[in-house]
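Comments concern the structure below.
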Amino acid sequence: MSILSNALSGSNAAQAAIHTTSQNLANLQTKGYTRQGVLLNAMAPGLGSKQAGNGVEIGGLLRFSDSYKSQQMWRAASDLGAHSQTQPYLSQIERVMGDDKSGLSNGVDEFFKALNAAGVDPTSTPLRQAVVTAANSMSQHFNSIYNVTANQRLSVRQQRDALMPSMNQSMAGIAALNARITGASATGTNVSALIDERDMAIDQLASMAAIEVIDQPDGSRSVSLRSGQPLVVGNLASTIAIDSTSGSPVLTLTFAQSKFQLDDTKVGGQMGGLSAYDKNVLEPLQKSIQDMASQMADKINTQLGLGFDSAGNPGKPLFTFDAASTTGMLQIDPAFLAADLAFSADGTPGDNANLQLLIGIKNQPVTLTSVGSVLLGDADTQLVGKLGIDSQQNQALLKTATTIRQQAEDDWKSTSGVNQDEEAINLVEFQNMYQANMKVIAVANSLFDATLAMFN
C-alpha cells in the first residue's frame, strides 16, 4: 500500500502547490501582495525499513519576503514624502516673488523712478502725486507678497495638522494587526495576507514620518521614529497631537502614559518636510519681507522728517508700518498729500537737496533675517536668489528620492512580486506532478486488482 500512499501524498502536495500558484496569479495586480510558495519535504522511511520513503509532506507555506528590501523601501518613502510636499510651495513663492510685475523689485524700482523724475521739477504737483502713487503701489506689492507667505504658512500648518489623524490611524492599525498576526500564528494559520496589510500600513506611515521597524520573535513589528520615540510596540500604539498649553504649538507623542515633545522639523516624511519648510524657509522669508518694509519705511520717513515741504513746513511721515497686520503691513498715511513731500533741505521752494538724499536710500544697506546685510535696491534679488537655491536643492533631492524609491520598489518586486512567467512555469510543473502521481495511483489500483484476481 506504500505506493498508493506515496502517490496520494504527491497528488495532495501538487494540489496545494497549484492552489498557491493560483493565489499568486489571482493577485498579480494587487498592490503590496507578497507571493507565496509551498515547501515540500520528503518523508523518510520508518526505522529498519528497506523502502525508498513514505512520500512527500507539506513542510509549510513560504512567504518570499526580504526584510532589508522592505526597510529600504520605507526609508525611501520618508525621503520622498518630505521633499514632494514642499516643492509646490517653493515653486509658487519663487514664481510670485520672481515675477517682473508683482515682485518687490518692481515696486521699489518704480517708487525710486518716480523720485528721480520729480528731481526735474520738485515743485510740480503731478510729479509729486506720481511719487505718492508709486509709494502706494509699492506698499501693495509688499502687502500682496506678504499675504502670499501668510497664506502659505496657514496652508502648510493645516496640511501638517491634517496628517496627524492619518498617522494615529496608521499606528493604531499596525498595533491591531500585530495582535491579529501574533494570535493567528500561534494557531498555525497562514498570516501572509495580514502581514501584507501591515506592511502597507507601515509604508503609509513611513511616507508621513521617518521610521525604524524591528521584527520581533512573536511575529509582531515594533515601529519607532528615527529619533527613538516609540510609535508601535506589540498591540500598543502612540498618539500624536499638537499641545498649545505653553502658548506656542508643540508636537507631542504620547505612549503608554509617557509624553514626549518632538522637534517637528526633524520628524521626517511629509510631517517633517512641511514643518522644516515652514520654520526654515517660509518664516525667515516672511520676517525678511517685514525687515525690508520696516527699515525702508523708517529710512524714508526719517529722511522726510529732516526736510521741508512746498510750504516750508517740516516733513511728515509717508509710510505707516504694522507688523501685526497680514493684509496692510505697509500703508501710506491716509492724510498724506503730495504737497507734504519734503523735497527741500532748507525750505527754499525748488530746492531738491533732500530729494536727492531720499533717492540715495536705495543704495543704503538693510539687514534681512534670511540673507543678512544687503543694499535696499538688491534686497529682493537676494531673497529671490535664495529661494531659487532652496527650490533647486529640493528639486534635486526630490529627483534623487523618487529614483531611490523606484529602485527600492523594483528590488522589492524582484523578490516579493508575482512574476507571471514564473508562475506559469510553476503551474505547468505542478500540473505534471499531479498527473504523474495520478498515474501512479492508477498503476497501484491495477496491481491491487491483479493481486485480488489471483485468489478468484
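Identifiers in the C-alpha cells: chain A, B, ... in order shown; residue index from 1 per chain; ligand index from 1 in order shown.
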Nearby residues (only C-alpha atoms) at most 10 Å from Pro334 of chain A, same-chain spacing under 4 positions excluded, as a PyMOL selection string: chain A and resi 318-320
Within 9 Å of Val366 of chain A using only C-alpha atoms, minus same-chain residues under 3 positions, as a ChimeraX atom specification: /A:291-292,295-296,372-376,379
Which of segment 48-243 of chain A fall in strand (DSSP E), as a ChimeraX atom specification: /A:56-63,211-215,221-225,230-233,236-237,239-243
Grab the residues selected above and save them as a PDB file, in the first residue's frame with C-alpha atoms.
```pdb
ATOM      1  CA  VAL A  56       6.073  13.867   0.474  1.00  0.00           C
ATOM      2  CA  GLU A  57       4.631  16.244   3.014  1.00  0.00           C
ATOM      3  CA  ILE A  58       3.911  19.980   3.008  1.00  0.00           C
ATOM      4  CA  GLY A  59       6.517  21.452   5.339  1.00  0.00           C
ATOM      5  CA  GLY A  60       4.860  24.862   5.289  1.00  0.00           C
ATOM      6  CA  LEU A  61       3.882  27.829   3.185  1.00  0.00           C
ATOM      7  CA  LEU A  62       6.703  30.124   2.136  1.00  0.00           C
ATOM      8  CA  ARG A  63       6.410  33.899   2.009  1.00  0.00           C
ATOM      9  CA  ILE A 211      10.585  55.489  10.989  1.00  0.00           C
ATOM     10  CA  GLU A 212      12.577  52.443  12.033  1.00  0.00           C
ATOM     11  CA  VAL A 213      10.985  48.973  12.047  1.00  0.00           C
ATOM     12  CA  ILE A 214      12.196  45.992  14.111  1.00  0.00           C
ATOM     13  CA  ASP A 215      10.861  42.446  13.716  1.00  0.00           C
ATOM     14  CA  ARG A 221       6.808  44.552  14.460  1.00  0.00           C
ATOM     15  CA  SER A 222       7.927  47.466  16.611  1.00  0.00           C
ATOM     16  CA  VAL A 223       7.906  50.876  14.955  1.00  0.00           C
ATOM     17  CA  SER A 224       9.691  53.976  16.226  1.00  0.00           C
ATOM     18  CA  LEU A 225      10.764  57.374  14.992  1.00  0.00           C
ATOM     19  CA  PRO A 230       8.150  54.521  20.146  1.00  0.00           C
ATOM     20  CA  LEU A 231       5.204  54.571  17.773  1.00  0.00           C
ATOM     21  CA  VAL A 232       4.047  50.943  17.956  1.00  0.00           C
ATOM     22  CA  VAL A 233       5.143  48.206  20.351  1.00  0.00           C
ATOM     23  CA  LEU A 236       0.159  49.312  21.849  1.00  0.00           C
ATOM     24  CA  ALA A 237       0.169  52.435  19.668  1.00  0.00           C
ATOM     25  CA  THR A 239      -0.866  59.114  19.537  1.00  0.00           C
ATOM     26  CA  ILE A 240       0.485  62.347  18.080  1.00  0.00           C
ATOM     27  CA  ALA A 241      -1.061  65.736  18.818  1.00  0.00           C
ATOM     28  CA  ILE A 242      -0.339  69.469  18.998  1.00  0.00           C
ATOM     29  CA  ASP A 243      -0.033  70.848  22.541  1.00  0.00           C
TER      30      ASP A 243
END
```
Closest of A:Leu355, A:Ala135, A:Ala276, A:Ala13 to Gln331 of chain A - atom-to-atom distances counting only C-alpha atoms: A:Ala135
Contact residues around Asp263 of chain A with only C-alpha atoms at 10 Å, ignoring same-chain residues under 2 positions, as number ranges by chain: A: 227, 250-252, 260-261, 265-268, 272, 275-276
Length of the atom CA of Ser294 of chain A to atom CA of Phe321 of chain A vector [Å]: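 Separation between atom CA of Ser294 of chain A and atom CA of Phe321 of chain A: 6.2 Å.
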Closest-contact table, segment 264-370 of chain A side, partner segment 394-406 of chain A, 12 Å, counting only C-alpha atoms, as CSV:
```
residue,atom,partner,partner_atom,distance
A:Gly269,CA,A:Ala401,CA,11.4
A:Gly273,CA,A:Asn394,CA,10.3
A:Ala276,CA,A:Asn394,CA,11.8
A:Tyr277,CA,A:Asn394,CA,10.3
A:Val281,CA,A:Asn394,CA,11.6
```
Between segment 313-428 of chain A and segment 432-453 of chain A, at 12 Å or less, what are the per-residue closest atom pairs and their distances in Å? Count only C-alpha atoms, order by chain and rising residue number, and return it as JSON lines.
```
{"residue": "A:Ile425", "atom": "CA", "partner": "A:Asn432", "partner_atom": "CA", "distance": 10.7}
{"residue": "A:Asn426", "atom": "CA", "partner": "A:Asn432", "partner_atom": "CA", "distance": 9.8}
{"residue": "A:Leu427", "atom": "CA", "partner": "A:Asn432", "partner_atom": "CA", "distance": 8.6}
{"residue": "A:Val428", "atom": "CA", "partner": "A:Asn432", "partner_atom": "CA", "distance": 6.2}
```
Residues as selected, C-alpha atoms, written as a tab-separated table (two decimals), in the first residue's frame, can you do that?
```tsv
chain	number	residue	atom	x	y	z
A	425	ILE	CA	6.01	27.55	-15.34
A	426	ASN	CA	5.13	26.50	-11.79
A	427	LEU	CA	1.56	25.85	-12.86
A	428	VAL	CA	2.69	23.50	-15.65
```
Computed interatomic separation between atom CA of Leu358 of chain A and atom CA of Leu330 of chain A (Å):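 Separation between atom CA of Leu358 of chain A and atom CA of Leu330 of chain A: 18.1 Å.
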Which of A:Pro365, A:Gly360, A:Pro126, A:Gly98 sits closest to Gly385 of chain A [using only C-alpha atoms]: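 Using only C-alpha atoms, the shortest distance to Gly385 of chain A belongs to A:Gly98.
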Selected residue, from A:Gln158, A:Ile202, A:Leu194, A:Thr348, that lies nearest to Met171 of chain A when counting only C-alpha atoms: A:Ile202
Residues near segment 297-309 of chain A, anyone? I mean within 7 Å using only C-alpha atoms, not counting same-chain ones fewer than 4 positions away, as a PDB file with N, CA and C atoms, in the first residue's frame.
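Result file follows (out_10.pdb):
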```pdb
ATOM      1  N   ALA A 293      10.472  96.018   4.563  1.00  0.00           N
ATOM      2  CA  ALA A 293       9.435  97.050   4.576  1.00  0.00           C
ATOM      3  C   ALA A 293       9.631  98.009   5.742  1.00  0.00           C
ATOM      4  N   ASN A 313       7.086 123.773   5.638  1.00  0.00           N
ATOM      5  CA  ASN A 313       6.832 123.088   6.898  1.00  0.00           C
ATOM      6  C   ASN A 313       7.715 121.837   6.997  1.00  0.00           C
ATOM      7  N   PRO A 314       8.033 121.406   8.228  1.00  0.00           N
ATOM      8  CA  PRO A 314       8.830 120.178   8.390  1.00  0.00           C
ATOM      9  C   PRO A 314       8.098 118.986   7.774  1.00  0.00           C
ATOM     10  N   GLY A 315       8.871 118.071   7.239  1.00  0.00           N
ATOM     11  CA  GLY A 315       8.300 116.916   6.546  1.00  0.00           C
ATOM     12  C   GLY A 315       7.523 115.986   7.473  1.00  0.00           C
ATOM     13  N   LYS A 316       6.542 115.290   6.893  1.00  0.00           N
ATOM     14  CA  LYS A 316       5.717 114.320   7.617  1.00  0.00           C
ATOM     15  C   LYS A 316       6.077 112.891   7.184  1.00  0.00           C
ATOM     16  N   PRO A 317       5.772 111.915   8.029  1.00  0.00           N
ATOM     17  CA  PRO A 317       6.000 110.521   7.625  1.00  0.00           C
ATOM     18  C   PRO A 317       5.089 110.137   6.458  1.00  0.00           C
ATOM     19  N   LEU A 318       5.657 109.416   5.513  1.00  0.00           N
ATOM     20  CA  LEU A 318       4.888 108.965   4.347  1.00  0.00           C
ATOM     21  C   LEU A 318       4.261 107.600   4.602  1.00  0.00           C
ATOM     22  N   PHE A 319       4.998 106.710   5.278  1.00  0.00           N
ATOM     23  CA  PHE A 319       4.546 105.321   5.466  1.00  0.00           C
ATOM     24  C   PHE A 319       4.155 105.051   6.914  1.00  0.00           C
ATOM     25  N   ALA A 339       1.618 117.584  -1.563  1.00  0.00           N
ATOM     26  CA  ALA A 339       2.303 118.797  -1.122  1.00  0.00           C
ATOM     27  C   ALA A 339       3.118 118.578   0.145  1.00  0.00           C
ATOM     28  N   ASP A 340       2.878 117.478   0.848  1.00  0.00           N
ATOM     29  CA  ASP A 340       3.584 117.209   2.095  1.00  0.00           C
ATOM     30  C   ASP A 340       4.963 116.595   1.873  1.00  0.00           C
ATOM     31  N   LEU A 341       5.284 116.230   0.635  1.00  0.00           N
ATOM     32  CA  LEU A 341       6.597 115.648   0.356  1.00  0.00           C
ATOM     33  C   LEU A 341       7.691 116.681   0.629  1.00  0.00           C
ATOM     34  N   ALA A 342       8.583 116.344   1.546  1.00  0.00           N
ATOM     35  CA  ALA A 342       9.636 117.274   1.969  1.00  0.00           C
ATOM     36  C   ALA A 342      10.873 117.075   1.113  1.00  0.00           C
ATOM     37  N   PHE A 343      10.861 117.674  -0.077  1.00  0.00           N
ATOM     38  CA  PHE A 343      11.988 117.543  -1.006  1.00  0.00           C
ATOM     39  C   PHE A 343      13.095 118.547  -0.733  1.00  0.00           C
ATOM     40  N   SER A 344      12.748 119.631  -0.045  1.00  0.00           N
ATOM     41  CA  SER A 344      13.716 120.698   0.198  1.00  0.00           C
ATOM     42  C   SER A 344      14.482 120.430   1.482  1.00  0.00           C
ATOM     43  N   ALA A 345      15.774 120.775   1.452  1.00  0.00           N
ATOM     44  CA  ALA A 345      16.598 120.591   2.649  1.00  0.00           C
ATOM     45  C   ALA A 345      16.602 121.827   3.529  1.00  0.00           C
ATOM     46  N   ASP A 346      16.277 123.017   2.942  1.00  0.00           N
ATOM     47  CA  ASP A 346      16.338 124.260   3.719  1.00  0.00           C
ATOM     48  C   ASP A 346      15.049 125.064   3.664  1.00  0.00           C
ATOM     49  N   GLY A 347      13.995 124.493   3.068  1.00  0.00           N
ATOM     50  CA  GLY A 347      12.717 125.192   2.995  1.00  0.00           C
ATOM     51  C   GLY A 347      12.578 126.080   1.777  1.00  0.00           C
ATOM     52  N   ASN A 354      17.082 117.493  -0.309  1.00  0.00           N
ATOM     53  CA  ASN A 354      16.571 116.377   0.492  1.00  0.00           C
ATOM     54  C   ASN A 354      16.022 115.271  -0.409  1.00  0.00           C
ATOM     55  N   LEU A 358      16.781 111.274  -0.431  1.00  0.00           N
ATOM     56  CA  LEU A 358      15.751 110.232  -0.486  1.00  0.00           C
ATOM     57  C   LEU A 358      16.077 109.209  -1.567  1.00  0.00           C
TER      58      LEU A 358
END
```
Distance criterion (only C-alpha atoms): nearest to Ser238 of chain A out of A:Gln290, A:Met167, A:Met208, A:Gln270: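 Nearest candidate to Ser238 of chain A out of A:Gln290, A:Met167, A:Met208, A:Gln270: A:Met167.
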Residue with smallest distance to Val120 of chain A - pool A:Pro284, A:Gly37, A:Gln356, A:Gln72, counting only C-alpha atoms: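 Of A:Pro284, A:Gly37, A:Gln356, A:Gln72, the one nearest Val120 of chain A, counting only C-alpha atoms, is A:Gln356.
Taking only C-alpha atoms into account, Asp322 of chain A lies nearest to A:Ser139 out of the set A:Ser65, A:Asn41, A:Ser139, A:Thr125.
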